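Student: Okay, here's the structure, questions in a sec.
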Amino acid sequence: MTLDDKKAPELEQDLSSNPGATKSTQELLIDEAKAAELEQLVHESDRGGRNVGGIAGAVLALGALSWTFFQLWFASPIPFSLGFGIFNESEARSIHLGTAMFLGFLAYPMFKKQSTKVPIYDWVLALLAGFCGGYLFIFYQELAYRPGLPTQLDIWAGALGIILLFEVTRRSLGAPMAVLATVFILYCLFGPYMPEVIAHRGYSVQRLVTHMWSAEGAFGVATGVSVSYIFIFVLLGALLDRCGGGNYLVQVSFALLGHLRGGPAKVAVVSSCVNGIVSASSVANVVTGGIFTIPLMKKAGYGG
């Protein structure tokens, strides 16, 4: 049962204000309250933490939908059959990263408490991130005609793109990843001043930026794998999960393994595995399967 009109606190208030409710009604309200809390937990963890509407919500939805259509178009043979809309790997990676950065600044707030609206500075950062990420696509022909001869615009776009990429990484994945990347950037710049064991001659800002903001850096193999494989698998998994496939696989695991010796442990491992394949989300995995397998294992005597 979904909650469209009432949130968990309102349900708890209804429950406390109606002591004459039947036991079944009380259990129903409690289940709905717990479902609302779990749904909110998944939303905050995997969907950016911003529950925005209006223009911001429309832009997020339209951007995500456009991104999905582009990825499906790029992965399909249709462009080659029609003879237009053909993108090479570098162009596709640039569009992919630019769109991801643009949506990231709209979906993830700078601080956790900012979760209901998109401030002006995040709109500005999102537009700048989209431009810097899509720079290789926008100026592809010009860059192809002058390899190794970056202009001031190339340097500034690359430097700003690196900074914005680190910031959107911090917002979406947490500070450790961004801090680690920053440490290695500083190591490249300040190599001559490092201890003798790890010292090197250092690199100029221009060389560092032109290398990092190219097909050898941010638009390299990792982004290519995301464009060609990861996005499609995550998309199909999300569609399957929304159609109830994740819960179905969990129930199949219970049916196949629940009666065996050590069944609770086997069910927990297999159901978490198949559910993770579908949802690609640790939080959704716990919410969907963990609420059944964790109490089951505790009841069977497994320590935690």
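Residues are referred to by chain and number: the chain letter is A, B, ... according to the order shown in the structure tokens, the number counts from 1 in that chain, and ligands are numbered separately from 1 in the order shown.
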Mind checking DSSP for range 159-291 of chain A and telling me the helix (DSSP H, G or I) residues as a VMD selection string?
Tutor: chain A and resid 159 to 173 175 to 189 191 to 193 205 to 212 221 to 242 245 to 257 263 to 279 282 to 291
Student: Any idea what's packed within 10 Å of Arg201 in chain A, counting only C-alpha atoms, ignoring anything in its chain fewer than 4 positions away? Could you give it as a ChimeraX atom specification?
Tutor: /A:188-194
Student: For each of A:Leu186, A:Thr99, A:Leu164, A:Glu89, take the minimum atom-to-atom distance to Val124 in chain A, counting only C-alpha atoms, then give the residue where this is smallest.
Tutor: A:Leu164
Student: Which distance in Å separates CA of Glu216 in chain A and CA of Ser90 in chain A, to one decimal?
Tutor: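 For CA of Glu216 in chain A relative to CA of Ser90 in chain A, the distance reads 10.7 Å.
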Student: With distances taken over only C-alpha atoms, which of A:Thr182, A:Ser204, A:Thr169, A:Ser271 is nearest to Ile155 in chain A?
Tutor: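 Counting only C-alpha atoms, the residue closest to Ile155 in chain A is A:Ser204.
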Student: If you count only C-alpha atoms, which residues fall within 10 Å of Ala215 in chain A, apart from same-chain ones fewer than 2 positions away, as a tab-separated table (two decimals) with C-alpha atoms, in the first residue's frame?
Tutor:
```
chain	number	residue	atom	x	y	z
A	89	GLU	CA	32.95	7.34	-28.21
A	90	SER	CA	34.46	10.71	-27.28
A	93	ARG	CA	31.37	10.22	-23.13
A	94	SER	CA	31.26	14.01	-23.09
A	136	LEU	CA	34.53	17.92	-25.81
A	210	THR	CA	44.80	19.07	-20.59
A	211	HIS	CA	45.62	15.51	-19.56
A	212	MET	CA	42.92	15.13	-16.92
A	213	TRP	CA	40.13	16.74	-18.96
A	217	GLY	CA	41.49	11.33	-17.87
A	218	ALA	CA	37.89	12.10	-16.97
A	219	PHE	CA	36.64	10.94	-20.38
A	220	GLY	CA	38.71	7.77	-20.37
A	221	VAL	CA	38.01	4.07	-20.08
A	223	THR	CA	33.53	6.76	-18.42
A	224	GLY	CA	33.42	4.67	-21.57
```
Student: Give the answer as one residue: which of A:Leu149, A:Leu208, A:Ile95, A:Val118 has the shortest atom-to-atom distance to Asn51 in chain A, using only C-alpha atoms?
Tutor: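 Result for the nearest residue to Asn51 in chain A: A:Val118.
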Student: Would you mind reading off the distance between CA of Phe80 in chain A and CA of Tyr140 in chain A, one decimal, in Å?
Tutor: 20.2 Å
Student: Which is closer to Phe105 in chain A than all the others in A:Gly53, A:Gln251, A:Ala61, A:Arg171, using only C-alpha atoms?
Tutor: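 Checking each of A:Gly53, A:Gln251, A:Ala61, A:Arg171 against Phe105 in chain A, counting only C-alpha atoms, the winner is A:Arg171.
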Student: Between CA of Cys132 in chain A and CA of Phe87 in chain A, what is the spacing in Å?
Tutor: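 Here the two named atoms are 18.4 Å from each other.
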